[in-house]
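J.: Handing you this structure, nothing more for now.
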Amino acid sequence: MTATRRLFTPQELAVDPVDAAKLLLGSVLEADTPDGPVGVRLVEVEAYRGGDDPASHCYRGRTARNDVMFGPPGFLYVYFVYGMHYCANIVCLTDGVPGAVLMRAGEVVTGLDIARKLRPSARSDAEMAKGPARLTSTLLLTREDNGANLLSPDSPVRLLAGDPVPVESIHAGPRVGVATAMDRPWRFWIDSPAVSAYRRAKRR
C-alpha cells in the first residue's frame with residue numbers, strides 16, 4: 001500500500017451516493033498486479049442509488065448479482081456488461097441500503113510502466129483508464145474481485161484518500177449510457193484529459 005496515502009474509513013462512505021461520488025474524486029484506487037501495484041486517481045465518477053433510481057442495478061431489489069451493492073460501505077461491486085467489459089463500483093450508504101459510485105475514468109499515478117504493459121493499445125497515458133472498461137483493464141479487475149474490501153490494508157484492491165477537491169472544481173452532468181433517469185446530473189468529474197467522452201443513450 002502506498003505509504004503516503006491513508007485508506008478511507010467506512011464512516012466516510014456511509015453517505016448518499018451523490019455525496020460519496022464528489023468525495024471520491026481525487027482518491028486513488030490501487031490494485032495489486034503480478035508485476036506490482038497500479039494506482040488510478042479518480043477523475044470521473046457516477047452516482048447510483050437503489051429503489052428511487054431506475055438506472056440502478058438495485059432498482060428492482062436484491063439479487064445474487066447486485067448483493068454487494070447493499071453494503072456495507074467500502075466494498076467493490078464489479079459487473080460484466082455487453083458480454084465483453086467489466087465495470088467497477090465503490091459501495092456506499094449504510095449496510096442494507098443499496099448505493100454505489102461507478103468509477104468512470106482515472107489517471108494512472110502508480111505503476112505507470114506496468115499499466116503501459118497491461119494496456120498496450122492505449123494511444124497515450126491519458127487514455128490508459130479513460131472510461132470504465134479501460135479503468136478495470138488497467139487495474140486487472142474482473143468479477144473475481146467483486147466483494148473485495150477496499151478499506152482493508154491486506155486487500156488486493158484498496159481505496160486511498162487523495163487531496164480534497166475544491167467544490168468549485170467539480171463539474172456535474174447527466175450520466176453516460178443509461179436509458180432511464182438519464183437527465184439526473186449524477187456524473188461528476190474534474191478537469192483532466194482522462195475524462196471520458198459524454199454519449200447520451202436513447203431514451204426508453
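Naming scheme: A, B, ... for chains in displayed order of the C-alpha cells; residues 1 onward per chain; ligands 1 onward as shown.
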DSSP on the backbone: what in chain A comes out strand (DSSP E or B), as a ChimeraX atom specification?
T.: /A:7,28-33,36-48,75-81,85-91,100-110,129-130,149,157-160,171-173,187-189
J.: When you look at Cys92 of chain A with a cut-off of 6 Å (counting only C-alpha atoms), what residues show up, excluding the ones that are within fewer than 5 positions of it in the same chain? I need them as a ChimeraX atom specification.
T.: /A:13-14,73,99-100
J.: With only C-alpha atoms as the basis for distance, which of A:Thr94, A:Asp125, A:Pro120, A:Asn66 is at the shortest distance from Val40 of chain A?
T.: A:Asp125
J.: Measure the distance from atom CA of Met128 of chain A to atom CA of Glu46 of chain A in Å and round it to one decimal.
T.: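 Between atom CA of Met128 of chain A and atom CA of Glu46 of chain A the gap is 18.9 Å.
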J.: From a backbone DSSP assignment, name each residue in segment 13-162 of chain A labelled helix (DSSP H, G or I), as a VMD selection string.
T.: chain A and resid 13 17 to 24 67 to 70 112 to 118 125 to 127 132 to 139 143 to 145
J.: Ranking A:Ala55, A:Ile90, A:Leu76, A:Val15 by minimum distance to Ala181 of chain A and counting only C-alpha atoms, which one comes first?
T.: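 Using only C-alpha atoms, Ala181 of chain A sits closest to A:Ala55.
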J.: I'd like the contact shell of segment 143-150 of chain A - 8 Å cut-off, only C-alpha atoms, skipping same-chain residues fewer than 2 positions apart - returned as a list in words.
T.: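 These residues fall inside the cut-off: Val68, Gly74, Phe75, Leu76, Tyr77, Val78, Tyr79, Phe80, Tyr86, Leu141, Ser152, Ser155, Pro156, Val157, Arg158 and Leu159 of chain A.
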J.: Can those selected residues be exported to a file as an mmCIF file, in the first residue's frame so that it contains C-alpha atoms?
T.:
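After the write, out01.cif holds the following:
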```cif
data_model
loop_
_atom_site.group_PDB
_atom_site.id
_atom_site.type_symbol
_atom_site.label_atom_id
_atom_site.label_comp_id
_atom_site.auth_asym_id
_atom_site.auth_seq_id
_atom_site.Cartn_x
_atom_site.Cartn_y
_atom_site.Cartn_z
ATOM 1 C CA VAL A 68 -22.612 -6.430 -2.713
ATOM 2 C CA GLY A 74 -16.303 0.380 1.132
ATOM 3 C CA PHE A 75 -16.615 -2.829 -0.848
ATOM 4 C CA LEU A 76 -16.063 -3.324 -4.574
ATOM 5 C CA TYR A 77 -19.009 -4.125 -6.837
ATOM 6 C CA VAL A 78 -17.886 -5.461 -10.233
ATOM 7 C CA TYR A 79 -20.225 -6.451 -13.044
ATOM 8 C CA PHE A 80 -19.876 -7.684 -16.634
ATOM 9 C CA TYR A 86 -16.089 -5.154 -16.584
ATOM 10 C CA LEU A 141 -10.206 -6.048 -12.154
ATOM 11 C CA SER A 152 -8.511 -3.238 4.373
ATOM 12 C CA SER A 155 -6.874 -6.334 0.388
ATOM 13 C CA PRO A 156 -5.510 -6.787 -3.173
ATOM 14 C CA VAL A 157 -7.561 -3.710 -4.129
ATOM 15 C CA ARG A 158 -7.527 -0.617 -1.902
ATOM 16 C CA LEU A 159 -9.173 2.796 -1.811
#
```
J.: Show me, as a list in words, the residues that have an atom within 12 Å of Asp52 of chain A when counting only C-alpha atoms, minus same-chain residues fewer than 2 positions from it.
T.: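 Close residues of Asp52 of chain A: Tyr48, Arg49, Gly50, Pro54, Ala55, Ser56, His57, Cys58, Tyr59, Arg60, Gly61, Val97, Pro98, Gly99, Thr180, Ala181 and Arg184 of chain A.
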J.: Tell me, in Å to one decimal, how far atom CA of Gly26 of chain A is from atom CA of Val101 of chain A.
T.: 13.7 Å
J.: Can you pull out every residue within 10 Å of Val28 of chain A, counting only C-alpha atoms, but drop anything in the same chain fewer than 2 positions away, and send it as a list in words?
T.: Thr2, Arg5, Arg6, Leu7, Leu24, Leu25, Gly26, Glu30, Ala31, Val38, Gly39, Val40, Arg41, Leu42, Val43, Gly106, Glu107, Val108, Val109, Thr110, Arg158, Leu159, Leu160, Ala161, Gly162 and Asp163 of chain A
J.: Considering only C-alpha atoms, return as an MDAnalysis selection string whatever protein or nucleic-acid residues lie within 12 Å of Gly173 of chain A, sequence-local ones (same chain, fewer than 5 positions apart) excluded.
T.: chainID A and resid 18 44:47 182:190 197:200
